[in-house]
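To keep things clear, I will list the structure first and then write my remarks on it.
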Amino acid sequence: TIPKARSFQSLATALPSVNSGELEGGFQVNGASAGENNFTVDGVSVVSLVHGNQRQDAVFEYLQEVQVRTSGLQAEYGGAMGGVISAVTKSGGNAFKGSLFHYYSGNWLRSNNGFDKRLVLDPATQNRAYFVQDDDQTSDRNEIGGFLGGPIRRDRLFFFGSVSPRFEKLTRNYLINNGQESVEVERDRKTWSAFGKVTYVPTSQLQINGSGLWTPDRAEGSTVGYDGAEKNWSNSSAAGLAARQSLGYEVPQWNIAYTADYTLNPTTVASA
């Protein structure tokens with residue numbers, strides 16, 4: 001019920017030994033760097049091999065619980081000198097359960113224009129500086145989706161599925177040639193998040209889970225910050241800004257997990 005972001009990693013900052021900052025990147029646990037944390041979804045590591053941050057997000061609609069460990073880490077988390085943030089996904093049951101949702105955020109919901117004031121050195125005299133407040137720009141962020149879980153075969157076989165695509169659009173207008181010409185650049189980003197899980201319980205002692213998480217990220221268009229002498233001005237050329245419209249990236253991301261838990265006795269469980 002506390003205010004939080006849409007990804008499970010955001011819960012870590014609620015702990016007293018966790019700090020976050022833009023310069024450090026991500027968040028730090030007990031003084032360790034952001035690259036020394038470990039992130040898992042159903043036991044599968046989702047840590048980037050490039051910079052050590054989490055590579056895949058898991059939205060709360062298909063999470064059963066989130067565990068955050070900041071000290072006393074077990075040997076199975078070797079290499080994690082900061083914290084361990086583990087997400088455990090939901091499973092279907094004998095009753096059908098589902099939900100639909102829609103989250104929206106945009107510039108018209110902000111209490112300010114979203115841009116910080118910037119300090120500009122007078123381009124003519126070079127002997128004075130002044131602050132410039134750039135105008136707000138149009139931005140929309142929509143996340144829609146839902147989940148459904150239930151039985152395939154009562155007491156034995158269950159399913160759970162969720163999908164949550166996110167669509168972001170940013171439009172930025174630039175004044176170039178000393179404010180004489182206007183150029184518009186759009187940035188479209190689509191981030192999909194889909195999860196599926198099948199649970200098989202052949203006996204009261206054995207439970208087998210198979211799941212898949214798919215989170216591709218794609219963006220078209222790229223914007224730059226304002227750097228001219230007046231608000232919304234840019235020192236870039238029209239050709240340079242127009243070329244940014246074709247820039248972008250595509251990151252395919254997915255993982256598949258399999259677990260089997262066998263209850264030997266009320267206090268002992270063997271997992272694979």
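Ordering of the structure tokens sets the chain letters (A, B, ...), residue numbers begin anew at 1 in every chain, and ligands are numbered from 1 in the order given.
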Contacts of region 185-192 of chain A at 7 Å or less, counting only C-alpha atoms, minus same-chain residues fewer than 3 places along, as a compact mmCIF listing (two decimals) with all heavy atoms, in the first residue's frame?
```
# COMPACT_ATOMS: atom_id res chain seq x y z
N SER A 164 1.55 -6.79 -20.14
CA SER A 164 1.52 -5.40 -19.69
C SER A 164 2.39 -4.54 -20.62
O SER A 164 3.52 -4.19 -20.27
CB SER A 164 2.01 -5.29 -18.24
OG SER A 164 2.04 -3.94 -17.82
N PRO A 165 1.90 -4.18 -21.82
CA PRO A 165 2.68 -3.31 -22.70
C PRO A 165 2.65 -1.86 -22.23
O PRO A 165 1.65 -1.40 -21.68
CB PRO A 165 1.98 -3.47 -24.05
CG PRO A 165 0.57 -3.79 -23.70
CD PRO A 165 0.63 -4.61 -22.43
N ARG A 166 3.75 -1.16 -22.44
CA ARG A 166 3.85 0.25 -22.06
C ARG A 166 4.22 1.07 -23.30
O ARG A 166 5.16 0.74 -24.02
CB ARG A 166 4.89 0.44 -20.96
CG ARG A 166 4.98 1.87 -20.44
CD ARG A 166 5.86 1.97 -19.21
NE ARG A 166 7.24 1.68 -19.48
CZ ARG A 166 7.92 0.69 -18.93
NH1 ARG A 166 7.33 -0.12 -18.07
NH2 ARG A 166 9.19 0.50 -19.23
N PHE A 167 3.47 2.14 -23.53
CA PHE A 167 3.69 3.00 -24.69
C PHE A 167 4.03 4.42 -24.21
O PHE A 167 3.27 5.02 -23.46
CB PHE A 167 2.44 3.03 -25.58
CG PHE A 167 1.95 1.67 -25.97
CD1 PHE A 167 0.94 1.05 -25.25
CD2 PHE A 167 2.50 1.00 -27.05
CE1 PHE A 167 0.48 -0.21 -25.61
CE2 PHE A 167 2.05 -0.26 -27.41
CZ PHE A 167 1.04 -0.87 -26.69
N GLU A 168 5.16 4.92 -24.65
CA GLU A 168 5.60 6.26 -24.27
C GLU A 168 5.85 7.09 -25.53
O GLU A 168 6.47 6.60 -26.49
CB GLU A 168 6.88 6.20 -23.45
CG GLU A 168 6.76 5.40 -22.17
CD GLU A 168 8.08 5.32 -21.42
OE1 GLU A 168 8.67 6.39 -21.17
OE2 GLU A 168 8.50 4.20 -21.11
N LYS A 169 5.36 8.33 -25.52
CA LYS A 169 5.57 9.23 -26.66
C LYS A 169 5.97 10.60 -26.14
O LYS A 169 5.28 11.18 -25.30
CB LYS A 169 4.32 9.34 -27.53
CG LYS A 169 4.54 10.16 -28.79
CD LYS A 169 3.35 10.09 -29.74
CE LYS A 169 3.63 10.84 -31.02
NZ LYS A 169 2.51 10.74 -31.99
N LEU A 170 7.08 11.12 -26.65
CA LEU A 170 7.59 12.43 -26.28
C LEU A 170 7.77 13.27 -27.53
O LEU A 170 8.36 12.81 -28.52
CB LEU A 170 8.93 12.29 -25.54
CG LEU A 170 9.71 13.58 -25.29
CD1 LEU A 170 8.96 14.47 -24.31
CD2 LEU A 170 11.10 13.27 -24.76
N THR A 171 7.23 14.47 -27.52
CA THR A 171 7.41 15.42 -28.62
C THR A 171 8.17 16.62 -28.10
O THR A 171 7.79 17.23 -27.09
CB THR A 171 6.05 15.88 -29.18
OG1 THR A 171 5.32 14.73 -29.63
CG2 THR A 171 6.26 16.83 -30.35
N ARG A 172 9.25 16.97 -28.78
CA ARG A 172 10.05 18.13 -28.35
C ARG A 172 10.25 19.08 -29.53
O ARG A 172 10.67 18.66 -30.62
CB ARG A 172 11.39 17.67 -27.79
CG ARG A 172 12.23 18.83 -27.25
CD ARG A 172 13.36 18.33 -26.38
NE ARG A 172 12.86 17.74 -25.14
CZ ARG A 172 13.65 17.29 -24.16
NH1 ARG A 172 14.96 17.36 -24.29
NH2 ARG A 172 13.13 16.79 -23.06
N ASN A 173 9.91 20.35 -29.33
CA ASN A 173 10.08 21.39 -30.34
C ASN A 173 11.37 22.16 -30.08
O ASN A 173 11.64 22.56 -28.93
CB ASN A 173 8.89 22.35 -30.32
CG ASN A 173 7.61 21.67 -30.79
OD1 ASN A 173 7.51 21.26 -31.93
ND2 ASN A 173 6.66 21.53 -29.89
N THR A 215 10.39 -9.41 -22.15
CA THR A 215 10.37 -7.96 -21.91
C THR A 215 11.18 -7.21 -22.97
O THR A 215 12.18 -6.56 -22.65
CB THR A 215 10.91 -7.62 -20.52
OG1 THR A 215 12.24 -8.13 -20.40
CG2 THR A 215 10.03 -8.18 -19.43
N PRO A 216 10.79 -7.25 -24.25
CA PRO A 216 11.53 -6.50 -25.27
C PRO A 216 11.29 -5.00 -25.14
O PRO A 216 10.24 -4.56 -24.69
CB PRO A 216 10.96 -7.05 -26.57
CG PRO A 216 9.57 -7.46 -26.22
CD PRO A 216 9.65 -7.97 -24.81
N ASP A 217 12.28 -4.23 -25.53
CA ASP A 217 12.23 -2.77 -25.42
C ASP A 217 12.67 -2.18 -26.75
O ASP A 217 13.75 -2.51 -27.26
CB ASP A 217 13.15 -2.30 -24.29
CG ASP A 217 12.97 -0.83 -23.96
OD1 ASP A 217 12.08 -0.18 -24.55
OD2 ASP A 217 13.73 -0.32 -23.12
N ARG A 218 11.83 -1.28 -27.32
CA ARG A 218 12.15 -0.69 -28.62
C ARG A 218 11.82 0.80 -28.62
O ARG A 218 10.78 1.21 -28.10
CB ARG A 218 11.37 -1.38 -29.74
CG ARG A 218 11.67 -0.84 -31.13
CD ARG A 218 10.94 -1.62 -32.18
NE ARG A 218 11.27 -1.14 -33.53
CZ ARG A 218 10.80 -1.67 -34.65
NH1 ARG A 218 9.97 -2.70 -34.59
NH2 ARG A 218 11.15 -1.17 -35.81
N ALA A 219 12.70 1.61 -29.17
CA ALA A 219 12.49 3.05 -29.25
C ALA A 219 12.84 3.56 -30.63
O ALA A 219 13.80 3.08 -31.27
CB ALA A 219 13.32 3.78 -28.19
N GLU A 220 12.07 4.53 -31.11
CA GLU A 220 12.32 5.18 -32.39
C GLU A 220 12.37 6.69 -32.16
O GLU A 220 11.47 7.25 -31.54
CB GLU A 220 11.22 4.84 -33.40
CG GLU A 220 11.13 3.37 -33.76
CD GLU A 220 10.01 3.09 -34.73
OE1 GLU A 220 9.24 4.02 -35.03
OE2 GLU A 220 9.89 1.94 -35.19
N GLY A 221 13.41 7.32 -32.67
CA GLY A 221 13.59 8.75 -32.46
C GLY A 221 14.42 9.02 -31.23
O GLY A 221 14.42 8.24 -30.27
N SER A 222 15.14 10.12 -31.24
CA SER A 222 16.01 10.48 -30.12
C SER A 222 16.03 11.99 -29.97
O SER A 222 16.20 12.72 -30.96
CB SER A 222 17.43 9.95 -30.35
OG SER A 222 18.29 10.29 -29.30
N THR A 223 15.86 12.47 -28.74
CA THR A 223 15.85 13.91 -28.48
C THR A 223 17.16 14.35 -27.82
O THR A 223 17.91 13.52 -27.30
CB THR A 223 14.68 14.29 -27.57
OG1 THR A 223 14.82 13.62 -26.31
CG2 THR A 223 13.35 13.90 -28.20
N GLN A 245 15.48 11.72 -35.87
CA GLN A 245 14.18 11.07 -35.96
C GLN A 245 14.31 9.60 -36.36
O GLN A 245 13.44 8.78 -36.06
CB GLN A 245 13.29 11.80 -36.97
CG GLN A 245 11.81 11.46 -36.88
CD GLN A 245 11.20 11.94 -35.57
OE1 GLN A 245 11.09 13.13 -35.33
NE2 GLN A 245 10.80 11.00 -34.72
```
**Close residues, region 121-124 of chain A itself excluded, 12 Å, only C-alpha atoms, min 6 positions apart in chain, as a list in words** = Tyr130, Phe131, Val132, Asn178, Asp227, Gly228, Ala229, Glu230 and Asn235 of chain A
**Message:** Rounded to one decimal, what separation in Å do you get between CA of Leu148 (chain A) and CA of Leu63 (chain A)?
**Reply:** 12.7 Å
**Message:** As an exercise, work out the distance from CA of Val224 (chain A) to CA of Lys4 (chain A) in Å and give it to one decimal place.
**Reply:**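 Here the two named atoms are 28.6 Å from each other.
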**Request:** Find the residues near Ser91 (chain A): any atom within 9 Å, counting only C-alpha atoms, skip ones fewer than 4 places away on the same chain, and give them as JSON, numbers by chain.
**Result:** {"A": [62, 64, 149, 150, 158, 159, 160, 161, 197, 198, 199, 209]}
**Residue set, region 28-226 of chain A restricted to helix (DSSP H, G or I), as a VMD selection string** = chain A and resid 34 to 36 60 to 62 75 to 77 107 to 109
**Prompt:** Between A:Pro252, A:Gly225, A:Gly146, A:Pro151, which one has atoms that come closest to Glu61 (chain A), using only C-alpha atoms?
**Reply:**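 Of A:Pro252, A:Gly225, A:Gly146, A:Pro151, the one nearest Glu61 (chain A), counting only C-alpha atoms, is A:Gly146.
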**Asked** With only C-alpha atoms as the atoms that count, which of A:Thr40, A:Gln253, A:Gln207, A:Asn112 lies nearest to Asp136 (chain A)?
**Response**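 Answer, going by the shortest atom-to-atom distance: A:Asn112.
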Closest atom pairs, residues of region 194-263 of chain A within 10 Å of region 86-90 of chain A, only C-alpha atoms, as JSON lines:
```
{"residue": "A:Phe195", "atom": "CA", "partner": "A:Thr89", "partner_atom": "CA", "distance": 9.2}
{"residue": "A:Gly196", "atom": "CA", "partner": "A:Thr89", "partner_atom": "CA", "distance": 9.7}
{"residue": "A:Lys197", "atom": "CA", "partner": "A:Lys90", "partner_atom": "CA", "distance": 8.3}
{"residue": "A:Ser211", "atom": "CA", "partner": "A:Thr89", "partner_atom": "CA", "distance": 9.1}
```
In region 92-258 of chain A, what's strand (DSSP E or B) per DSSP? Answer as a compact mmCIF listing (two decimals) with N, CA and C atoms, in the first residue's frame?
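Written out: out-v1.txt:
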```
# COMPACT_ATOMS: atom_id res chain seq x y z
N LYS A 97 -8.99 -16.36 -11.41
CA LYS A 97 -8.83 -14.98 -10.93
C LYS A 97 -8.17 -14.16 -12.03
N GLY A 98 -8.63 -12.92 -12.19
CA GLY A 98 -8.07 -12.06 -13.22
C GLY A 98 -8.28 -10.61 -12.90
N SER A 99 -7.65 -9.76 -13.69
CA SER A 99 -7.76 -8.32 -13.48
C SER A 99 -7.32 -7.59 -14.73
N LEU A 100 -7.86 -6.38 -14.94
CA LEU A 100 -7.45 -5.48 -16.00
C LEU A 100 -7.00 -4.17 -15.37
N PHE A 101 -6.04 -3.48 -15.98
CA PHE A 101 -5.56 -2.24 -15.40
C PHE A 101 -5.07 -1.29 -16.50
N HIS A 102 -4.99 -0.04 -16.14
CA HIS A 102 -4.46 1.01 -17.03
C HIS A 102 -3.81 2.08 -16.18
N TYR A 103 -2.54 2.37 -16.45
CA TYR A 103 -1.82 3.43 -15.76
C TYR A 103 -1.43 4.49 -16.78
N TYR A 104 -1.64 5.75 -16.40
CA TYR A 104 -1.29 6.85 -17.30
C TYR A 104 -0.51 7.91 -16.55
N SER A 105 0.49 8.47 -17.19
CA SER A 105 1.20 9.64 -16.69
C SER A 105 1.60 10.49 -17.90
N GLY A 106 1.59 11.80 -17.71
CA GLY A 106 1.90 12.70 -18.81
C GLY A 106 2.19 14.10 -18.33
N ARG A 118 18.19 26.28 -16.63
CA ARG A 118 19.58 26.09 -17.04
C ARG A 118 20.30 27.44 -17.09
N LEU A 119 21.56 27.40 -16.75
CA LEU A 119 22.37 28.61 -16.72
C LEU A 119 23.01 28.82 -18.09
N VAL A 120 22.83 30.02 -18.66
CA VAL A 120 23.33 30.32 -20.00
C VAL A 120 24.31 31.47 -19.93
N LEU A 121 25.45 31.33 -20.61
CA LEU A 121 26.43 32.40 -20.73
C LEU A 121 26.06 33.26 -21.94
N ALA A 129 25.89 35.88 -17.16
CA ALA A 129 25.13 34.63 -17.26
C ALA A 129 23.72 34.85 -16.72
N TYR A 130 22.79 34.06 -17.20
CA TYR A 130 21.41 34.20 -16.76
C TYR A 130 20.71 32.84 -16.86
N PHE A 131 19.60 32.72 -16.14
CA PHE A 131 18.85 31.46 -16.14
C PHE A 131 17.77 31.50 -17.23
N VAL A 132 17.54 30.34 -17.84
CA VAL A 132 16.50 30.18 -18.85
C VAL A 132 15.59 29.03 -18.44
N SER A 139 4.20 14.93 -23.52
CA SER A 139 4.64 13.56 -23.24
C SER A 139 3.46 12.76 -22.70
N ASP A 140 3.36 11.52 -23.14
CA ASP A 140 2.30 10.61 -22.70
C ASP A 140 2.90 9.25 -22.44
N ARG A 141 2.45 8.63 -21.35
CA ARG A 141 2.92 7.29 -20.99
C ARG A 141 1.71 6.47 -20.56
N ASN A 142 1.39 5.44 -21.34
CA ASN A 142 0.26 4.57 -21.05
C ASN A 142 0.74 3.14 -20.85
N GLU A 143 0.26 2.52 -19.79
CA GLU A 143 0.54 1.11 -19.55
C GLU A 143 -0.79 0.41 -19.32
N ILE A 144 -1.08 -0.56 -20.18
CA ILE A 144 -2.34 -1.29 -20.10
C ILE A 144 -2.03 -2.78 -19.99
N GLY A 145 -2.96 -3.54 -19.46
CA GLY A 145 -2.72 -4.97 -19.37
C GLY A 145 -3.67 -5.66 -18.42
N GLY A 146 -3.31 -6.86 -18.08
CA GLY A 146 -4.13 -7.65 -17.18
C GLY A 146 -3.51 -9.01 -16.95
N PHE A 147 -4.15 -9.80 -16.09
CA PHE A 147 -3.67 -11.15 -15.84
C PHE A 147 -4.85 -12.07 -15.61
N LEU A 148 -4.62 -13.36 -15.80
CA LEU A 148 -5.64 -14.38 -15.59
C LEU A 148 -4.96 -15.66 -15.14
N GLY A 149 -5.51 -16.27 -14.12
CA GLY A 149 -4.99 -17.54 -13.62
C GLY A 149 -6.11 -18.46 -13.21
N GLY A 150 -5.86 -19.76 -13.27
CA GLY A 150 -6.89 -20.71 -12.89
C GLY A 150 -6.48 -22.14 -13.16
N PRO A 151 -7.42 -23.06 -13.05
CA PRO A 151 -7.09 -24.48 -13.21
C PRO A 151 -7.20 -24.96 -14.66
N ILE A 152 -6.29 -25.81 -15.06
CA ILE A 152 -6.45 -26.59 -16.30
C ILE A 152 -7.05 -27.94 -15.95
N ARG A 153 -6.53 -28.53 -14.87
CA ARG A 153 -7.10 -29.74 -14.28
C ARG A 153 -7.11 -29.52 -12.78
N LEU A 157 -3.20 -29.33 -12.29
CA LEU A 157 -2.52 -28.54 -13.31
C LEU A 157 -3.15 -27.14 -13.37
N PHE A 158 -2.30 -26.11 -13.28
CA PHE A 158 -2.79 -24.73 -13.22
C PHE A 158 -2.00 -23.85 -14.19
N PHE A 159 -2.59 -22.71 -14.54
CA PHE A 159 -1.91 -21.75 -15.42
C PHE A 159 -2.03 -20.35 -14.84
N PHE A 160 -1.10 -19.49 -15.25
CA PHE A 160 -1.17 -18.07 -14.92
C PHE A 160 -0.51 -17.30 -16.06
N GLY A 161 -1.16 -16.24 -16.52
CA GLY A 161 -0.61 -15.44 -17.60
C GLY A 161 -0.88 -13.97 -17.39
N SER A 162 0.06 -13.13 -17.82
CA SER A 162 -0.10 -11.69 -17.68
C SER A 162 0.60 -10.99 -18.83
N VAL A 163 0.03 -9.87 -19.28
CA VAL A 163 0.66 -9.05 -20.31
C VAL A 163 0.50 -7.59 -19.92
N ARG A 166 3.75 -1.16 -22.44
CA ARG A 166 3.85 0.25 -22.06
C ARG A 166 4.22 1.07 -23.30
N PHE A 167 3.47 2.14 -23.53
CA PHE A 167 3.69 3.00 -24.69
C PHE A 167 4.03 4.42 -24.21
N GLU A 168 5.16 4.92 -24.65
CA GLU A 168 5.60 6.26 -24.27
C GLU A 168 5.85 7.09 -25.53
N LYS A 169 5.36 8.33 -25.52
CA LYS A 169 5.57 9.23 -26.66
C LYS A 169 5.97 10.60 -26.14
N LEU A 170 7.08 11.12 -26.65
CA LEU A 170 7.59 12.43 -26.28
C LEU A 170 7.77 13.27 -27.53
N THR A 171 7.23 14.47 -27.52
CA THR A 171 7.41 15.42 -28.62
C THR A 171 8.17 16.62 -28.10
N ARG A 172 9.25 16.97 -28.78
CA ARG A 172 10.05 18.13 -28.35
C ARG A 172 10.25 19.08 -29.53
N ASN A 173 9.91 20.35 -29.33
CA ASN A 173 10.08 21.39 -30.34
C ASN A 173 11.37 22.16 -30.08
N TYR A 174 12.14 22.38 -31.12
CA TYR A 174 13.40 23.10 -31.03
C TYR A 174 13.34 24.36 -31.88
N LEU A 175 13.82 25.46 -31.33
CA LEU A 175 13.99 26.70 -32.08
C LEU A 175 15.47 26.82 -32.44
N ILE A 176 15.76 26.90 -33.75
CA ILE A 176 17.15 26.97 -34.22
C ILE A 176 17.32 28.24 -35.06
N GLU A 181 13.65 29.39 -36.89
CA GLU A 181 13.13 28.17 -37.50
C GLU A 181 12.75 27.18 -36.39
N SER A 182 11.69 26.42 -36.61
CA SER A 182 11.21 25.45 -35.63
C SER A 182 11.32 24.04 -36.20
N VAL A 183 11.86 23.13 -35.40
CA VAL A 183 12.00 21.73 -35.80
C VAL A 183 11.41 20.86 -34.68
N GLU A 184 10.63 19.87 -35.06
CA GLU A 184 9.98 18.97 -34.09
C GLU A 184 10.56 17.57 -34.20
N VAL A 185 10.89 16.98 -33.06
CA VAL A 185 11.41 15.62 -33.01
C VAL A 185 10.52 14.80 -32.09
N GLU A 186 10.11 13.63 -32.55
CA GLU A 186 9.28 12.73 -31.74
C GLU A 186 10.08 11.50 -31.33
N ARG A 187 9.77 11.02 -30.15
CA ARG A 187 10.39 9.79 -29.65
C ARG A 187 9.29 8.84 -29.20
N ASP A 188 9.21 7.68 -29.83
CA ASP A 188 8.23 6.65 -29.48
C ASP A 188 8.96 5.45 -28.88
N ARG A 189 8.48 5.00 -27.74
CA ARG A 189 9.08 3.84 -27.07
C ARG A 189 7.99 2.85 -26.70
N LYS A 190 8.22 1.59 -27.03
CA LYS A 190 7.29 0.52 -26.70
C LYS A 190 8.04 -0.54 -25.90
N THR A 191 7.54 -0.82 -24.70
CA THR A 191 8.15 -1.82 -23.83
C THR A 191 7.10 -2.86 -23.46
N ALA A 194 5.47 -9.56 -20.82
CA ALA A 194 4.54 -10.69 -20.86
C ALA A 194 5.12 -11.84 -20.03
N PHE A 195 4.24 -12.50 -19.29
CA PHE A 195 4.67 -13.58 -18.40
C PHE A 195 3.66 -14.72 -18.47
N GLY A 196 4.17 -15.95 -18.52
CA GLY A 196 3.32 -17.13 -18.51
C GLY A 196 3.89 -18.20 -17.61
N LYS A 197 3.02 -18.93 -16.92
CA LYS A 197 3.48 -19.95 -15.98
C LYS A 197 2.51 -21.11 -15.93
N VAL A 198 3.04 -22.31 -15.90
CA VAL A 198 2.26 -23.54 -15.75
C VAL A 198 2.77 -24.28 -14.52
N THR A 199 1.86 -24.70 -13.66
CA THR A 199 2.21 -25.42 -12.43
C THR A 199 1.57 -26.79 -12.43
N TYR A 200 2.39 -27.83 -12.19
CA TYR A 200 1.90 -29.21 -12.17
C TYR A 200 2.17 -29.80 -10.79
N LEU A 206 5.17 -33.17 -4.47
CA LEU A 206 5.94 -32.66 -5.60
C LEU A 206 5.18 -31.55 -6.33
N GLN A 207 5.88 -30.45 -6.62
CA GLN A 207 5.32 -29.36 -7.41
C GLN A 207 6.33 -28.93 -8.46
N ILE A 208 5.90 -28.86 -9.71
CA ILE A 208 6.77 -28.51 -10.83
C ILE A 208 6.23 -27.24 -11.49
N ASN A 209 7.12 -26.27 -11.71
CA ASN A 209 6.75 -25.00 -12.34
C ASN A 209 7.59 -24.75 -13.58
N GLY A 210 6.96 -24.26 -14.62
CA GLY A 210 7.65 -23.82 -15.81
C GLY A 210 7.13 -22.44 -16.19
N SER A 211 8.02 -21.47 -16.43
CA SER A 211 7.58 -20.11 -16.69
C SER A 211 8.47 -19.43 -17.72
N GLY A 212 7.94 -18.37 -18.31
CA GLY A 212 8.69 -17.58 -19.27
C GLY A 212 8.39 -16.10 -19.08
N LEU A 213 9.42 -15.25 -19.18
CA LEU A 213 9.27 -13.80 -19.03
C LEU A 213 9.84 -13.15 -20.28
N TRP A 214 9.04 -12.29 -20.94
CA TRP A 214 9.42 -11.65 -22.20
C TRP A 214 9.29 -10.15 -22.04
N ASP A 217 12.28 -4.23 -25.53
CA ASP A 217 12.23 -2.77 -25.42
C ASP A 217 12.67 -2.18 -26.75
N ARG A 218 11.83 -1.28 -27.32
CA ARG A 218 12.15 -0.69 -28.62
C ARG A 218 11.82 0.80 -28.62
N ALA A 219 12.70 1.61 -29.17
CA ALA A 219 12.49 3.05 -29.25
C ALA A 219 12.84 3.56 -30.63
N GLU A 220 12.07 4.53 -31.11
CA GLU A 220 12.32 5.18 -32.39
C GLU A 220 12.37 6.69 -32.16
N TRP A 233 15.63 26.94 -27.29
CA TRP A 233 16.61 27.09 -28.38
C TRP A 233 17.56 25.91 -28.38
N GLY A 248 17.37 5.18 -32.85
CA GLY A 248 16.60 4.37 -31.91
C GLY A 248 17.36 3.13 -31.51
N TYR A 249 16.65 2.20 -30.89
CA TYR A 249 17.29 0.95 -30.48
C TYR A 249 16.22 -0.12 -30.30
N GLU A 250 16.66 -1.35 -30.26
CA GLU A 250 15.78 -2.49 -29.99
C GLU A 250 16.53 -3.50 -29.15
N VAL A 251 15.96 -3.86 -28.00
CA VAL A 251 16.60 -4.78 -27.07
C VAL A 251 15.66 -5.96 -26.81
N TRP A 254 14.39 -11.97 -22.77
CA TRP A 254 13.49 -13.02 -22.34
C TRP A 254 14.27 -14.01 -21.47
N ASN A 255 13.55 -14.73 -20.63
CA ASN A 255 14.16 -15.84 -19.91
C ASN A 255 13.11 -16.90 -19.63
N ILE A 256 13.57 -18.11 -19.47
CA ILE A 256 12.72 -19.27 -19.18
C ILE A 256 13.23 -19.93 -17.91
N ALA A 257 12.31 -20.27 -17.02
CA ALA A 257 12.70 -20.87 -15.74
C ALA A 257 11.94 -22.18 -15.51
N TYR A 258 12.59 -23.10 -14.83
CA TYR A 258 11.99 -24.37 -14.45
C TYR A 258 12.37 -24.66 -13.01
```
**Asked** With only C-alpha atoms as the basis for distance, which of A:Ser237, A:Asn232, A:Gly31, A:Arg244 is at the shortest distance from Lys117 (chain A)?
**Response** A:Asn232
**Item:** Long-range neighbours of Ser7 (chain A) as a VMD selection string, 8 Å cut-off, only C-alpha atoms, 6 positions minimum in chain
**Value:** chain A and resid 57 to 60
For the selection just defined, write its residues with C-alpha atoms to a file, as a PDB file, in the first residue's frame.
```
ATOM      1  CA  ASP A  57      11.565  -5.677 -14.875  1.00  0.00           C
ATOM      2  CA  ALA A  58       8.672  -7.644 -13.412  1.00  0.00           C
ATOM      3  CA  VAL A  59       5.500  -5.645 -12.761  1.00  0.00           C
ATOM      4  CA  PHE A  60       3.551  -6.189  -9.560  1.00  0.00           C
TER       5      PHE A  60
END
```
**Request:** Kindly indicate which residue among A:Val66, A:Leu11, A:Leu109, A:Val201 lies nearest to Asn94 (chain A), using only C-alpha atoms for the distances.
**Result:**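 Residue with the minimum atom-to-atom distance to Asn94 (chain A): A:Val201.
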**Item:** Spatial neighbours of Asp135 (chain A), max dist 8 Å, only C-alpha atoms, sep filter under 2 positions, as JSON, numbers by chain
**Value:** {"A": [113, 115, 133, 137, 231, 232]}
Keeping only all heavy atoms, write the selected residues as a tab-separated table (two decimals), in the first residue's frame.
```tsv
chain	number	residue	atom	x	y	z
A	113	ASN	N	6.75	22.27	-15.25
A	113	ASN	CA	6.92	21.95	-16.66
A	113	ASN	C	7.90	20.80	-16.93
A	113	ASN	O	8.14	20.45	-18.07
A	113	ASN	CB	7.37	23.19	-17.44
A	113	ASN	CG	8.79	23.60	-17.13
A	113	ASN	OD1	9.46	22.99	-16.31
A	113	ASN	ND2	9.25	24.66	-17.79
A	115	PHE	N	11.09	20.64	-16.69
A	115	PHE	CA	12.45	21.01	-17.04
A	115	PHE	C	13.05	21.88	-15.95
A	115	PHE	O	12.41	22.79	-15.44
A	115	PHE	CB	12.49	21.79	-18.36
A	115	PHE	CG	12.22	20.95	-19.57
A	115	PHE	CD1	10.99	21.01	-20.21
A	115	PHE	CD2	13.19	20.11	-20.09
A	115	PHE	CE1	10.73	20.25	-21.33
A	115	PHE	CE2	12.94	19.35	-21.21
A	115	PHE	CZ	11.71	19.41	-21.84
A	133	GLN	N	14.29	29.25	-18.45
A	133	GLN	CA	13.31	28.19	-18.16
A	133	GLN	C	12.65	27.78	-19.47
A	133	GLN	O	11.91	28.54	-20.08
A	133	GLN	CB	12.25	28.70	-17.19
A	133	GLN	CG	11.15	27.68	-16.90
A	133	GLN	CD	11.66	26.50	-16.10
A	133	GLN	OE1	12.01	26.64	-14.94
A	133	GLN	NE2	11.69	25.33	-16.71
A	137	GLN	N	6.97	20.28	-22.65
A	137	GLN	CA	6.78	19.55	-23.90
A	137	GLN	C	5.76	18.44	-23.70
A	137	GLN	O	5.55	17.95	-22.59
A	137	GLN	CB	8.10	18.97	-24.39
A	137	GLN	CG	9.16	20.03	-24.65
A	137	GLN	CD	8.80	20.94	-25.81
A	137	GLN	OE1	8.60	20.50	-26.93
A	137	GLN	NE2	8.71	22.24	-25.52
A	231	LYS	N	14.87	30.29	-24.36
A	231	LYS	CA	14.10	29.09	-24.05
A	231	LYS	C	13.76	28.31	-25.31
A	231	LYS	O	13.40	28.88	-26.34
A	231	LYS	CB	12.84	29.44	-23.27
A	231	LYS	CG	11.82	30.27	-24.01
A	231	LYS	CD	10.61	30.52	-23.12
A	231	LYS	CE	9.51	31.30	-23.84
A	231	LYS	NZ	8.34	31.53	-22.97
A	232	ASN	N	13.88	27.00	-25.20
A	232	ASN	CA	13.61	26.04	-26.26
A	232	ASN	C	14.55	26.19	-27.46
A	232	ASN	O	14.32	25.61	-28.51
A	232	ASN	CB	12.15	26.14	-26.75
A	232	ASN	CG	11.17	25.65	-25.72
A	232	ASN	OD1	11.22	26.06	-24.57
A	232	ASN	ND2	10.27	24.77	-26.12
```
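The interatomic distance for the pair CA of Asn19 (chain A) and CA of Arg69 (chain A) works out to 14.1 Å.
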**Item:** Neighbour list for Val84 (chain A) as a ChimeraX atom specification, cut-off 12 Å, only C-alpha atoms, skip fewer than 5 positions in-chain
**Value:** /A:8-9,11-12,18,27-30,32,34-41,43,45-47,53-54,66-79
